Every structure is written in C-alpha cells, then in structure tokens.
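Note sheet for the following structure.
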Amino acid sequence: MHRITRGAAAFAMAAAAVAAIGTSSAHASDRTVFGCPGGAVCIYPEGADIHTSNPTNVYYSYGAHNLSNQFGNHYVLNNQYGSANATAQLCQGYNGVNCVITIGLNEFGYYNLTPINSVVLNRP
C-alpha cells in the first residue's frame, strides 16, 4: 500500500482517525472520518489535503464504479465497516477489470488516478 503523509502531525491525525474508525461500538452515522461517511469509500479532489477537504466522490454500494475525469493524485479512503474483507480496489479497466491497488478496511492512500478507470467495493 502506498501512503504519503505530510509530516508527523499528519501521521498522528491519520493514526487517530484509523483508531476511531475501528471502534466497534460506533454506529455507521457516527463514523464520518475526514468528511467520508461511515460505510463509504471516498475520493478527494486532485491534490487536496484529506484533512482540510471534502470528498468529491462517495461510493456506498458493493461492486464496480466507473470513474470519469479523475486525473492526477487523489486521496482515497476506505471507510467501510465490517470484516477485513471490506476492501476497495483501484482498477485500470472499466467495470473492475485489471485491479492494481487494494485499500484495506479503515485505510487511505494518495494515488495517481490517471490510469485508474474504476473503483470496486468488496463485500465484507
């Protein structure tokens, strides 16, 4: 998993957010992290800081979602809930074909979405 953080403060904030996401007693509506609602996978604006921006794309339903006009580097956050199998995948082909990156439950990363044409939410 490729992660880019901006200094120790960003790392500490990310660690706190991941810890908060993992709290089993939290309800889905209480699990909003960096503006991404609980149960969703979110994509943030190109070049934006995940700590100070809001998601531009929010996906709740399982399966493949084709992307449109997503270029350059974006944060992607997997804020689904459930078991460790609730992963998100970034795929070079449309409809979830040729997946090249897997984002684990409660994880996020900074990815170049130029070659990415779909995101897949995998059922836990």
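Simple scheme: letters A, B, ... for chains in structure tokens order, numbers from 1 for residues in each chain, numbers from 1 for ligands in the order shown.
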task: May I have the residues within 8 Å of A:Val58 as an MDAnalysis selection string, using only C-alpha atoms and disregarding those fewer than 5 positions away in the same chain?
output: chainID A and resid 36 40:43
message: Quick check, in Å to one decimal: how far apart do atom CA of A:Gly96 and atom CA of A:His51 lie?
response: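 Atom-to-atom, atom CA of A:Gly96 to atom CA of A:His51, that is 28.1 Å.
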message: Need the shell around A:Asn98: protein/DNA/RNA residues with any atom at most 10 Å away, counting only C-alpha atoms. Skip same-chain ones fewer than 6 positions apart. Format as a PyMOL selection string?
response: chain A and resi 89-92+116-118
Using all heavy atoms, can you export the residues from the last selection as a tab-separated table (two decimals), in the first residue's frame?
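again.tsv, written as the output of this step:
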chain	number	residue	atom	x	y	z
A	89	GLN	N	-10.75	-1.56	-4.24
A	89	GLN	CA	-9.70	-1.79	-5.23
A	89	GLN	C	-9.76	-0.70	-6.29
A	89	GLN	O	-10.84	-0.27	-6.69
A	89	GLN	CB	-9.86	-3.16	-5.89
A	89	GLN	CG	-9.62	-4.30	-4.93
A	89	GLN	CD	-9.81	-5.62	-5.61
A	89	GLN	OE1	-10.92	-5.98	-5.96
A	89	GLN	NE2	-8.72	-6.35	-5.81
A	90	LEU	N	-8.58	-0.28	-6.73
A	90	LEU	CA	-8.47	0.67	-7.83
A	90	LEU	C	-8.05	-0.13	-9.06
A	90	LEU	O	-7.07	-0.89	-9.01
A	90	LEU	CB	-7.44	1.75	-7.50
A	90	LEU	CG	-7.72	2.56	-6.23
A	90	LEU	CD1	-6.62	3.60	-6.02
A	90	LEU	CD2	-9.09	3.21	-6.28
A	91	CYS	N	-8.79	0.05	-10.15
A	91	CYS	CA	-8.61	-0.80	-11.32
A	91	CYS	C	-8.33	0.04	-12.56
A	91	CYS	O	-8.92	1.11	-12.75
A	91	CYS	CB	-9.86	-1.64	-11.55
A	91	CYS	SG	-10.39	-2.55	-10.08
A	92	GLN	N	-7.45	-0.47	-13.41
A	92	GLN	CA	-7.10	0.24	-14.63
A	92	GLN	C	-8.17	0.13	-15.70
A	92	GLN	O	-8.29	1.00	-16.54
A	92	GLN	CB	-5.75	-0.26	-15.16
A	92	GLN	CG	-4.61	0.13	-14.24
A	92	GLN	CD	-3.27	-0.36	-14.74
A	92	GLN	OE1	-3.18	-1.34	-15.48
A	92	GLN	NE2	-2.22	0.31	-14.32
A	116	ILE	N	-6.36	4.99	-13.59
A	116	ILE	CA	-7.43	4.25	-12.91
A	116	ILE	C	-8.78	4.62	-13.53
A	116	ILE	O	-9.11	5.79	-13.65
A	116	ILE	CB	-7.42	4.57	-11.40
A	116	ILE	CG1	-6.06	4.23	-10.77
A	116	ILE	CG2	-8.56	3.85	-10.69
A	116	ILE	CD1	-5.65	2.77	-10.90
A	117	ASN	N	-9.54	3.61	-13.90
A	117	ASN	CA	-10.84	3.84	-14.54
A	117	ASN	C	-12.03	3.31	-13.75
A	117	ASN	O	-13.17	3.53	-14.14
A	117	ASN	CB	-10.84	3.24	-15.95
A	117	ASN	CG	-9.99	4.06	-16.89
A	117	ASN	OD1	-10.24	5.23	-17.09
A	117	ASN	ND2	-8.95	3.45	-17.44
A	118	SER	N	-11.76	2.60	-12.65
A	118	SER	CA	-12.87	2.15	-11.82
A	118	SER	C	-12.39	1.86	-10.41
A	118	SER	O	-11.21	1.63	-10.16
A	118	SER	CB	-13.55	0.90	-12.41
A	118	SER	OG	-12.67	-0.18	-12.52
- request: Enter the distance from atom CA of A:Tyr75 to atom CA of A:Ile50, in Å, rounded to one decimal.
  value: 6.4 Å
message: Env of A:Ser83: 10 Å cut, atoms = only C-alpha atoms, seq-sep filter 4 positions within chain, self excluded. Answer as a list in words.
response: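 Residues near the query, excluding close chain neighbours: Thr87, Leu105, Arg123 and Pro124 of chain A.
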Save out the residues we just selected, all heavy atoms, as a CSV table (one decimal), in the first residue's frame.
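Final output, saved to part26.csv:
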chain,number,residue,atom,x,y,z
A,87,THR,N,-12.7,-4.5,1.5
A,87,THR,CA,-11.6,-3.7,0.8
A,87,THR,C,-12.2,-2.9,-0.4
A,87,THR,O,-13.3,-3.1,-0.8
A,87,THR,CB,-10.5,-4.7,0.3
A,87,THR,OG1,-11.1,-5.6,-0.7
A,87,THR,CG2,-9.9,-5.5,1.4
A,105,LEU,N,-9.5,-2.1,4.9
A,105,LEU,CA,-10.5,-1.5,5.7
A,105,LEU,C,-9.9,-0.5,6.6
A,105,LEU,O,-8.8,-0.8,7.2
A,105,LEU,CB,-11.2,-2.6,6.6
A,105,LEU,CG,-12.3,-2.2,7.5
A,105,LEU,CD1,-13.5,-1.7,6.7
A,105,LEU,CD2,-12.7,-3.4,8.4
A,123,ARG,N,-17.5,-6.7,-0.8
A,123,ARG,CA,-18.4,-7.0,0.3
A,123,ARG,C,-17.6,-7.8,1.4
A,123,ARG,O,-16.8,-8.6,1.2
A,123,ARG,CB,-19.5,-8.0,-0.2
A,123,ARG,CG,-20.5,-8.3,0.9
A,123,ARG,CD,-21.6,-9.2,0.3
A,123,ARG,NE,-22.3,-8.6,-0.8
A,123,ARG,CZ,-23.4,-7.8,-0.7
A,123,ARG,NH1,-23.9,-7.6,0.4
A,123,ARG,NH2,-23.9,-7.3,-1.8
A,124,PRO,N,-17.8,-7.3,2.7
A,124,PRO,CA,-17.1,-8.0,3.8
A,124,PRO,C,-17.6,-9.4,4.0
A,124,PRO,O,-18.7,-9.8,3.6
A,124,PRO,CB,-17.4,-7.1,5.0
A,124,PRO,CG,-18.6,-6.3,4.6
A,124,PRO,CD,-18.6,-6.3,3.1
Nearest-residue call for A:Asn85, choices A:Val33, A:Ala48, A:Leu121, A:Val100, using only C-alpha atoms: A:Leu121
- prompt: Between atom CA of A:Asn78 and atom CA of A:Arg31, what is the spacing in Å?
  reply: 11.7 Å
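Distances from A:Val119, A:Ala84, A:Val97, A:Ile103 to A:Leu67 were compared using only C-alpha atoms, and the smallest one belongs to A:Val119.
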